[in-house]
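Source file my_file.pdb; content: PDB, C-alpha atoms.
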ATOM      1  CA  MET A  26      94.555 143.762 111.548  1.00  0.00           C
ATOM      2  CA  HIS A  27      97.842 145.034 110.076  1.00  0.00           C
ATOM      3  CA  LEU A  28      97.387 147.184 106.947  1.00  0.00           C
ATOM      4  CA  ILE A  29     100.284 148.369 104.780  1.00  0.00           C
ATOM      5  CA  LYS A  30      99.256 151.137 102.365  1.00  0.00           C
ATOM      6  CA  LEU A  31     101.379 151.966  99.331  1.00  0.00           C
ATOM      7  CA  ASN A  32     101.003 154.683  96.716  1.00  0.00           C
ATOM      8  CA  ALA A  33     102.290 152.470  93.916  1.00  0.00           C
ATOM      9  CA  ILE A  34     103.737 148.973  93.589  1.00  0.00           C
ATOM     10  CA  GLY A  35     104.298 146.478  90.829  1.00  0.00           C
ATOM     11  CA  SER A  36     102.279 143.697  92.461  1.00  0.00           C
ATOM     12  CA  THR A  37     100.861 143.523  95.985  1.00  0.00           C
ATOM     13  CA  ASN A  38     101.153 139.726  95.853  1.00  0.00           C
ATOM     14  CA  SER A  39     104.861 139.920  94.992  1.00  0.00           C
ATOM     15  CA  TYR A  40     105.444 142.550  97.694  1.00  0.00           C
ATOM     16  CA  LEU A  41     103.741 140.450 100.361  1.00  0.00           C
ATOM     17  CA  LYS A  42     105.527 137.244  99.309  1.00  0.00           C
ATOM     18  CA  HIS A  43     108.886 139.035  99.520  1.00  0.00           C
ATOM     19  CA  LEU A  44     107.973 140.460 102.937  1.00  0.00           C
ATOM     20  CA  ASN A  45     107.060 136.981 104.194  1.00  0.00           C
ATOM     21  CA  ALA A  46     110.359 135.586 102.900  1.00  0.00           C
ATOM     22  CA  THR A  47     112.435 138.224 104.709  1.00  0.00           C
ATOM     23  CA  GLU A  48     110.641 138.676 108.026  1.00  0.00           C
ATOM     24  CA  SER A  49     107.929 137.263 110.258  1.00  0.00           C
ATOM     25  CA  ILE A  50     104.589 138.887 109.506  1.00  0.00           C
ATOM     26  CA  ALA A  51     101.285 138.748 111.337  1.00  0.00           C
ATOM     27  CA  ASP A  52      98.361 136.655 110.167  1.00  0.00           C
ATOM     28  CA  TYR A  53      95.988 138.630 107.903  1.00  0.00           C
ATOM     29  CA  THR A  54      98.590 141.283 107.151  1.00  0.00           C
ATOM     30  CA  ALA A  55      97.264 143.163 104.112  1.00  0.00           C
ATOM     31  CA  VAL A  56      99.030 145.277 101.503  1.00  0.00           C
ATOM     32  CA  ILE A  57      96.823 147.856  99.760  1.00  0.00           C
ATOM     33  CA  ALA A  58      98.083 149.813  96.739  1.00  0.00           C
ATOM     34  CA  GLU A  59      96.519 152.905  95.205  1.00  0.00           C
ATOM     35  CA  ASN A  60      98.217 152.001  91.938  1.00  0.00           C
ATOM     36  CA  GLN A  61      99.346 148.513  90.931  1.00  0.00           C
ATOM     37  CA  THR A  62     101.433 148.560  87.760  1.00  0.00           C
ATOM     38  CA  GLU A  63     102.008 144.827  87.284  1.00  0.00           C
ATOM     39  CA  GLY A  64      98.763 143.278  88.481  1.00  0.00           C
ATOM     40  CA  ARG A  65      98.325 139.656  87.459  1.00  0.00           C
ATOM     41  CA  GLY A  66      95.328 137.401  86.994  1.00  0.00           C
ATOM     42  CA  GLN A  67      94.769 133.695  86.506  1.00  0.00           C
ATOM     43  CA  MET A  68      96.945 131.908  83.914  1.00  0.00           C
ATOM     44  CA  GLY A  69      99.354 134.859  83.657  1.00  0.00           C
ATOM     45  CA  THR A  70      96.820 137.422  82.425  1.00  0.00           C
ATOM     46  CA  ILE A  71      97.452 141.126  83.023  1.00  0.00           C
ATOM     47  CA  TRP A  72      95.020 143.163  85.127  1.00  0.00           C
ATOM     48  CA  ASN A  73      94.977 146.933  84.533  1.00  0.00           C
ATOM     49  CA  VAL A  74      93.009 149.459  86.591  1.00  0.00           C
ATOM     50  CA  GLU A  75      92.693 153.214  86.974  1.00  0.00           C
ATOM     51  CA  ASN A  76      94.783 154.767  89.715  1.00  0.00           C
ATOM     52  CA  SER A  77      92.996 155.144  93.107  1.00  0.00           C
ATOM     53  CA  LYS A  78      89.625 154.056  91.699  1.00  0.00           C
ATOM     54  CA  ASN A  79      89.700 150.382  92.643  1.00  0.00           C
ATOM     55  CA  LEU A  80      90.681 148.057  95.447  1.00  0.00           C
ATOM     56  CA  THR A  81      93.941 146.253  94.746  1.00  0.00           C
ATOM     57  CA  PHE A  82      95.262 144.398  97.756  1.00  0.00           C
ATOM     58  CA  SER A  83      96.738 141.164  99.033  1.00  0.00           C
ATOM     59  CA  VAL A  84      96.250 139.339 102.326  1.00  0.00           C
ATOM     60  CA  PHE A  85      98.704 136.983 104.042  1.00  0.00           C
ATOM     61  CA  LYS A  86      97.169 133.899 105.658  1.00  0.00           C
ATOM     62  CA  ASP A  87      99.161 131.527 107.845  1.00  0.00           C
ATOM     63  CA  LEU A  88      97.993 127.957 107.193  1.00  0.00           C
ATOM     64  CA  SER A  89     100.635 126.054 109.146  1.00  0.00           C
ATOM     65  CA  GLU A  90      98.057 124.739 111.648  1.00  0.00           C
ATOM     66  CA  PHE A  91      95.397 123.853 109.064  1.00  0.00           C
ATOM     67  CA  GLN A  92      94.624 120.321 107.921  1.00  0.00           C
ATOM     68  CA  PHE A  93      92.998 119.989 104.496  1.00  0.00           C
ATOM     69  CA  GLU A  94      93.902 117.953 101.444  1.00  0.00           C
ATOM     70  CA  SER A  95      92.926 120.284  98.602  1.00  0.00           C
ATOM     71  CA  ALA A  96      94.304 123.800  98.182  1.00  0.00           C
ATOM     72  CA  PHE A  97      91.150 124.652  96.232  1.00  0.00           C
ATOM     73  CA  TYR A  98      89.396 125.242  99.551  1.00  0.00           C
ATOM     74  CA  ILE A  99      91.530 128.376  99.903  1.00  0.00           C
ATOM     75  CA  SER A 100      90.191 129.556  96.550  1.00  0.00           C
ATOM     76  CA  MET A 101      86.618 128.847  97.609  1.00  0.00           C
ATOM     77  CA  VAL A 102      87.100 130.684 100.910  1.00  0.00           C
ATOM     78  CA  ALA A 103      88.505 133.720  99.100  1.00  0.00           C
ATOM     79  CA  ALA A 104      85.669 133.821  96.565  1.00  0.00           C
ATOM     80  CA  LEU A 105      83.020 133.397  99.248  1.00  0.00           C
ATOM     81  CA  SER A 106      84.549 136.179 101.355  1.00  0.00           C
ATOM     82  CA  VAL A 107      84.320 138.656  98.476  1.00  0.00           C
ATOM     83  CA  TYR A 108      80.846 137.417  97.504  1.00  0.00           C
ATOM     84  CA  ARG A 109      79.542 137.810 101.073  1.00  0.00           C
ATOM     85  CA  THR A 110      81.079 141.285 101.374  1.00  0.00           C
ATOM     86  CA  LEU A 111      79.439 142.486  98.171  1.00  0.00           C
ATOM     87  CA  ASP A 112      76.150 140.976  99.278  1.00  0.00           C
ATOM     88  CA  LEU A 113      76.427 142.971 102.529  1.00  0.00           C
ATOM     89  CA  PHE A 114      76.848 146.092 100.386  1.00  0.00           C
ATOM     90  CA  SER A 115      73.690 145.127  98.421  1.00  0.00           C
ATOM     91  CA  ILE A 116      75.472 144.576  95.094  1.00  0.00           C
ATOM     92  CA  PRO A 117      72.856 142.869  92.868  1.00  0.00           C
ATOM     93  CA  LYS A 118      72.862 139.647  90.861  1.00  0.00           C
ATOM     94  CA  LEU A 119      76.109 138.205  92.206  1.00  0.00           C
ATOM     95  CA  ASN A 120      77.698 134.974  90.967  1.00  0.00           C
ATOM     96  CA  ILE A 121      81.025 133.191  91.225  1.00  0.00           C
ATOM     97  CA  LYS A 122      82.435 132.355  87.795  1.00  0.00           C
ATOM     98  CA  TRP A 123      84.617 129.286  88.189  1.00  0.00           C
ATOM     99  CA  PRO A 124      87.179 129.201  89.595  1.00  0.00           C
ATOM    100  CA  ASN A 125      87.006 132.501  91.495  1.00  0.00           C
ATOM    101  CA  ASP A 126      85.919 135.526  89.457  1.00  0.00           C
ATOM    102  CA  ILE A 127      83.042 137.498  90.957  1.00  0.00           C
ATOM    103  CA  LEU A 128      80.316 138.719  88.626  1.00  0.00           C
ATOM    104  CA  SER A 129      77.484 141.195  89.019  1.00  0.00           C
ATOM    105  CA  GLU A 130      74.777 141.233  86.373  1.00  0.00           C
ATOM    106  CA  ASN A 131      76.921 138.776  84.355  1.00  0.00           C
ATOM    107  CA  LYS A 132      79.913 141.135  84.197  1.00  0.00           C
ATOM    108  CA  LYS A 133      83.243 140.665  85.977  1.00  0.00           C
ATOM    109  CA  ILE A 134      83.828 142.992  88.913  1.00  0.00           C
ATOM    110  CA  CYS A 135      86.501 141.062  90.817  1.00  0.00           C
ATOM    111  CA  GLY A 136      89.405 138.741  90.133  1.00  0.00           C
ATOM    112  CA  ILE A 137      91.355 136.715  92.687  1.00  0.00           C
ATOM    113  CA  LEU A 138      94.903 135.356  92.419  1.00  0.00           C
ATOM    114  CA  ILE A 139      96.097 132.961  95.126  1.00  0.00           C
ATOM    115  CA  GLU A 140      99.765 132.066  95.495  1.00  0.00           C
ATOM    116  CA  ASN A 141     100.562 129.384  98.040  1.00  0.00           C
ATOM    117  CA  VAL A 142     103.736 129.021 100.091  1.00  0.00           C
ATOM    118  CA  ILE A 143     104.708 125.337 100.132  1.00  0.00           C
ATOM    119  CA  LYS A 144     106.871 123.825 102.874  1.00  0.00           C
ATOM    120  CA  GLN A 145     107.528 120.092 103.225  1.00  0.00           C
ATOM    121  CA  ASN A 146     104.953 119.313 100.512  1.00  0.00           C
ATOM    122  CA  THR A 147     102.117 121.085 102.348  1.00  0.00           C
ATOM    123  CA  VAL A 148     100.555 124.530 102.003  1.00  0.00           C
ATOM    124  CA  ASN A 149     102.161 126.551 104.795  1.00  0.00           C
ATOM    125  CA  ALA A 150     100.655 129.942 103.914  1.00  0.00           C
ATOM    126  CA  SER A 151      98.750 131.753 101.187  1.00  0.00           C
ATOM    127  CA  VAL A 152      98.945 135.185  99.653  1.00  0.00           C
ATOM    128  CA  ILE A 153      95.443 136.081  98.480  1.00  0.00           C
ATOM    129  CA  GLY A 154      95.423 138.822  95.864  1.00  0.00           C
ATOM    130  CA  ILE A 155      92.104 140.572  95.239  1.00  0.00           C
ATOM    131  CA  GLY A 156      91.359 143.054  92.482  1.00  0.00           C
ATOM    132  CA  LEU A 157      87.919 144.614  92.892  1.00  0.00           C
ATOM    133  CA  ASN A 158      86.580 147.159  90.397  1.00  0.00           C
ATOM    134  CA  VAL A 159      84.979 149.784  92.614  1.00  0.00           C
ATOM    135  CA  ASN A 160      84.687 153.392  91.409  1.00  0.00           C
ATOM    136  CA  GLN A 161      85.977 153.092  87.835  1.00  0.00           C
ATOM    137  CA  ASN A 162      83.537 154.213  85.143  1.00  0.00           C
ATOM    138  CA  ASN A 163      85.295 153.232  81.900  1.00  0.00           C
ATOM    139  CA  PHE A 164      86.585 149.858  80.761  1.00  0.00           C
ATOM    140  CA  ASP A 165      87.812 150.431  77.213  1.00  0.00           C
ATOM    141  CA  ASN A 166      87.837 147.266  75.090  1.00  0.00           C
ATOM    142  CA  LEU A 167      86.574 145.235  78.060  1.00  0.00           C
ATOM    143  CA  PRO A 168      82.852 144.784  77.356  1.00  0.00           C
ATOM    144  CA  LEU A 169      82.460 142.097  80.012  1.00  0.00           C
ATOM    145  CA  ALA A 170      83.983 144.177  82.842  1.00  0.00           C
ATOM    146  CA  SER A 171      82.085 146.372  85.262  1.00  0.00           C
ATOM    147  CA  SER A 172      82.436 148.022  88.671  1.00  0.00           C
ATOM    148  CA  LEU A 173      80.386 148.561  91.795  1.00  0.00           C
ATOM    149  CA  LYS A 174      79.764 152.169  90.772  1.00  0.00           C
ATOM    150  CA  LEU A 175      78.567 151.201  87.288  1.00  0.00           C
ATOM    151  CA  VAL A 176      76.244 148.589  88.775  1.00  0.00           C
ATOM    152  CA  THR A 177      74.724 150.727  91.550  1.00  0.00           C
ATOM    153  CA  GLY A 178      75.562 154.351  90.725  1.00  0.00           C
ATOM    154  CA  LYS A 179      77.158 154.769  94.169  1.00  0.00           C
ATOM    155  CA  THR A 180      80.715 155.678  95.181  1.00  0.00           C
ATOM    156  CA  TYR A 181      82.353 153.338  97.708  1.00  0.00           C
ATOM    157  CA  ASP A 182      85.048 153.678 100.368  1.00  0.00           C
ATOM    158  CA  LEU A 183      87.948 151.387  99.445  1.00  0.00           C
ATOM    159  CA  ASN A 184      89.180 150.931 103.020  1.00  0.00           C
ATOM    160  CA  GLU A 185      85.730 149.930 104.254  1.00  0.00           C
ATOM    161  CA  LEU A 186      85.491 147.305 101.526  1.00  0.00           C
ATOM    162  CA  ALA A 187      88.972 145.947 102.281  1.00  0.00           C
ATOM    163  CA  ILE A 188      88.340 145.650 106.025  1.00  0.00           C
ATOM    164  CA  THR A 189      84.996 143.919 105.422  1.00  0.00           C
ATOM    165  CA  ILE A 190      86.597 141.414 103.048  1.00  0.00           C
ATOM    166  CA  ILE A 191      89.335 140.644 105.590  1.00  0.00           C
ATOM    167  CA  ASN A 192      86.745 140.106 108.329  1.00  0.00           C
ATOM    168  CA  GLN A 193      84.850 137.734 106.028  1.00  0.00           C
ATOM    169  CA  LEU A 194      88.087 135.869 105.295  1.00  0.00           C
ATOM    170  CA  LYS A 195      88.536 135.372 109.034  1.00  0.00           C
ATOM    171  CA  GLU A 196      85.051 133.878 109.353  1.00  0.00           C
ATOM    172  CA  TYR A 197      85.439 131.487 106.437  1.00  0.00           C
ATOM    173  CA  PHE A 198      88.917 130.383 107.526  1.00  0.00           C
ATOM    174  CA  LEU A 199      87.403 129.555 110.929  1.00  0.00           C
ATOM    175  CA  LEU A 200      85.030 127.213 109.091  1.00  0.00           C
ATOM    176  CA  LEU A 201      87.970 125.708 107.219  1.00  0.00           C
ATOM    177  CA  ASN A 202      89.941 125.272 110.428  1.00  0.00           C
ATOM    178  CA  ASP A 203      86.907 123.520 111.963  1.00  0.00           C
ATOM    179  CA  ASN A 204      86.912 121.149 108.961  1.00  0.00           C
ATOM    180  CA  LYS A 205      83.494 122.371 107.770  1.00  0.00           C
ATOM    181  CA  LEU A 206      84.484 121.452 104.222  1.00  0.00           C
ATOM    182  CA  ASN A 207      80.986 120.535 103.070  1.00  0.00           C
ATOM    183  CA  VAL A 208      79.584 123.851 104.315  1.00  0.00           C
ATOM    184  CA  ILE A 209      82.199 125.783 102.317  1.00  0.00           C
ATOM    185  CA  LYS A 210      81.877 123.696  99.164  1.00  0.00           C
ATOM    186  CA  ASN A 211      78.064 123.626  99.158  1.00  0.00           C
ATOM    187  CA  GLU A 212      77.843 127.394  99.526  1.00  0.00           C
ATOM    188  CA  TYR A 213      80.441 127.932  96.806  1.00  0.00           C
ATOM    189  CA  VAL A 214      78.638 125.608  94.376  1.00  0.00           C
ATOM    190  CA  SER A 215      75.295 127.292  95.084  1.00  0.00           C
ATOM    191  CA  TYR A 216      76.673 130.603  93.783  1.00  0.00           C
ATOM    192  CA  LEU A 217      78.300 129.218  90.615  1.00  0.00           C
ATOM    193  CA  PHE A 218      77.624 131.193  87.457  1.00  0.00           C
ATOM    194  CA  ARG A 219      75.409 129.268  84.974  1.00  0.00           C
ATOM    195  CA  LYS A 220      74.979 126.284  87.292  1.00  0.00           C
ATOM    196  CA  ASN A 221      72.413 123.867  85.799  1.00  0.00           C
ATOM    197  CA  LYS A 222      71.989 126.093  82.736  1.00  0.00           C
ATOM    198  CA  PRO A 223      72.921 125.151  79.143  1.00  0.00           C
ATOM    199  CA  SER A 224      76.394 126.642  78.650  1.00  0.00           C
ATOM    200  CA  THR A 225      79.058 126.784  75.963  1.00  0.00           C
ATOM    201  CA  PHE A 226      82.686 125.888  76.635  1.00  0.00           C
ATOM    202  CA  LYS A 227      85.955 125.942  74.708  1.00  0.00           C
ATOM    203  CA  ASP A 228      88.631 123.310  75.227  1.00  0.00           C
ATOM    204  CA  ALA A 229      92.422 123.726  75.030  1.00  0.00           C
ATOM    205  CA  GLU A 230      92.360 123.064  71.265  1.00  0.00           C
ATOM    206  CA  GLY A 231      89.755 125.765  70.692  1.00  0.00           C
ATOM    207  CA  VAL A 232      86.882 123.334  70.084  1.00  0.00           C
ATOM    208  CA  MET A 233      83.540 124.517  71.444  1.00  0.00           C
ATOM    209  CA  PHE A 234      81.028 122.221  73.112  1.00  0.00           C
ATOM    210  CA  SER A 235      77.899 122.455  75.258  1.00  0.00           C
ATOM    211  CA  GLY A 236      77.058 121.170  78.716  1.00  0.00           C
ATOM    212  CA  PHE A 237      75.582 121.898  82.131  1.00  0.00           C
ATOM    213  CA  ILE A 238      77.716 122.963  85.119  1.00  0.00           C
ATOM    214  CA  LYS A 239      76.864 120.683  88.046  1.00  0.00           C
ATOM    215  CA  GLY A 240      79.566 121.492  90.610  1.00  0.00           C
ATOM    216  CA  VAL A 241      83.247 121.138  91.416  1.00  0.00           C
ATOM    217  CA  SER A 242      85.405 118.250  92.581  1.00  0.00           C
ATOM    218  CA  GLU A 243      87.415 118.245  95.810  1.00  0.00           C
ATOM    219  CA  THR A 244      90.449 119.442  93.838  1.00  0.00           C
ATOM    220  CA  GLY A 245      88.541 122.229  92.094  1.00  0.00           C
ATOM    221  CA  ASN A 246      87.878 120.660  88.716  1.00  0.00           C
ATOM    222  CA  LEU A 247      84.672 121.837  87.064  1.00  0.00           C
ATOM    223  CA  GLN A 248      82.057 119.091  86.758  1.00  0.00           C
ATOM    224  CA  VAL A 249      80.109 119.379  83.497  1.00  0.00           C
ATOM    225  CA  LEU A 250      77.219 117.202  82.378  1.00  0.00           C
ATOM    226  CA  LEU A 251      77.710 116.449  78.681  1.00  0.00           C
ATOM    227  CA  GLU A 252      75.531 114.746  76.093  1.00  0.00           C
ATOM    228  CA  ASP A 253      74.450 111.182  76.855  1.00  0.00           C
ATOM    229  CA  GLU A 254      74.372 112.078  80.582  1.00  0.00           C
ATOM    230  CA  ILE A 255      78.158 111.844  80.918  1.00  0.00           C
ATOM    231  CA  LEU A 256      79.590 113.814  83.872  1.00  0.00           C
ATOM    232  CA  LYS A 257      83.144 114.912  83.074  1.00  0.00           C
ATOM    233  CA  GLU A 258      85.682 116.908  85.063  1.00  0.00           C
ATOM    234  CA  PHE A 259      87.870 119.670  83.615  1.00  0.00           C
ATOM    235  CA  ASP A 260      90.734 121.641  85.143  1.00  0.00           C
ATOM    236  CA  MET A 261      91.532 125.314  84.486  1.00  0.00           C
ATOM    237  CA  LYS A 262      94.079 124.528  81.776  1.00  0.00           C
ATOM    238  CA  THR A 263      91.701 122.466  79.646  1.00  0.00           C
ATOM    239  CA  ILE A 264      88.426 124.412  79.572  1.00  0.00           C
ATOM    240  CA  THR A 265      87.067 127.961  79.315  1.00  0.00           C
ATOM    241  CA  LEU A 266      83.476 128.880  80.087  1.00  0.00           C
ATOM    242  CA  LEU A 267      82.189 131.244  77.399  1.00  0.00           C
ATOM    243  CA  TYR A 268      79.431 133.774  78.044  1.00  0.00           C
TER     244      TYR A 268
END

Represent the structure from my file as structure tokens, please.
Amino acid sequence: MHLIKLNAIGSTNSYLKHLNATESIADYTAVIAENQTEGRGQMGTIWNVENSKNLTFSVFKDLSEFQFESAFYISMVAALSVYRTLDLFSIPKLNIKWPNDILSENKKICGILIENVIKQNTVNASVIGIGLNVNQNNFDNLPLASSLKLVTGKTYDLNELAITIINQLKEYFLLLNDNKLNVIKNEYVSYLFRKNKPSTFKDAEGVMFSGFIKGVSETGNLQVLLEDEILKEFDMKTITLLY
């Protein structure tokens, strides 16, 4: 396990992608930053954290020998690895909020940003960026954010969490390499936030509607049961799950 620790960096994902473009790096190389000044989330959102309080890191995964059709399996593997780690640390009431936010007690404690390296129209490698709120106590103007310390009252070792997540990534990527796609997808769906519960959504035009989350498609679209028993699929650009 090759760990690169930095005091401050704009983005660990950008750093690791640049490193991969300029030299050969080992599988599961991880870049951990005490302070990340340009952290990014899904759909271009900005992710801000207190210095040295949280786990901000990225992991390089070589996928050149893998055979799978949908890149969403990488997202599921990443979410499951964080979920399983937090479960090992006895963090309560965990869920995965589609596509790959991790919640505890209905509040967001982790975001994941995956950037794939494409060669010859296939995913050759992935940079998996993970932002986990660990020992931060205050989230001004972010009422739906929380941290491990706020949830449990305990202080956590960032390195121990990072190493455990990487070890979980190795286990889940072994499943992916063995083509255990149903095992990965079934476990992911079982942890989905608000699965089979009446939920409110907002579409790209801002129109709100109700439905029941039933699962995800092979490509990662959210499957929602609407009125009149119609099962419809939505991608990340067309739907937002409201709390």

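Closest approach to Asn146 of chain A among A:Ala96, A:Leu44, A:Ile134, A:Val102 is made by A:Ala96 (distances from only C-alpha atoms).
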
Margin query: Just want the 12 Å neighbourhood of Phe91 of chain A, counted on only C-alpha atoms, with same-chain residues fewer than 3 positions away dropped. Output as a ChimeraX atom specification.
Written below: /A:86-88,94-96,98-99,147-151,198-204

Next item on the list: Can you give me, as a count of residues only, the residues this file yields under the PyMOL selection byres ((chain A and resi 188) around 12)?
Entry: 28

Next item on the list: Name the residues within 12 Å of (94.8, 124.7, 71.0), counting all atoms listed in the file in the file's coordinates, and put them as a VMD selection string.
Entry: chain A and resid 227 to 233 262 to 265

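Nearest residue to Gln61 of chain A among A:Lys118, A:Lys179, A:Lys78, A:Arg219 is A:Lys78, counting all atoms listed in the file.
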
Notebook entry, point to check: Distance atom CA of Thr180 of chain A-atom CA of Asp165 of chain A, one decimal place?
Noted result: 20.0 Å

Next item on the list: Would you list the contacts of Ala33 of chain A as a list in words, taking every protein, DNA or RNA residue within 8 Å and counting only C-alpha atoms, but skipping same-chain residues closer than 6 positions in sequence?
Entry: Ala58, Glu59, Asn60, Gln61 and Thr62 of chain A

Note to self: Just want the 7 Å neighbourhood of segment 39-42 of chain A, counted on all atoms listed in the file, with same-chain residues fewer than 3 positions away dropped. Output as an MDAnalysis selection string.
What the structure shows: chainID A and resid 36 45:46 56 152

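Atom CA of Glu258 of chain A is positioned 5.7 Å from atom CA of Asn246 of chain A.
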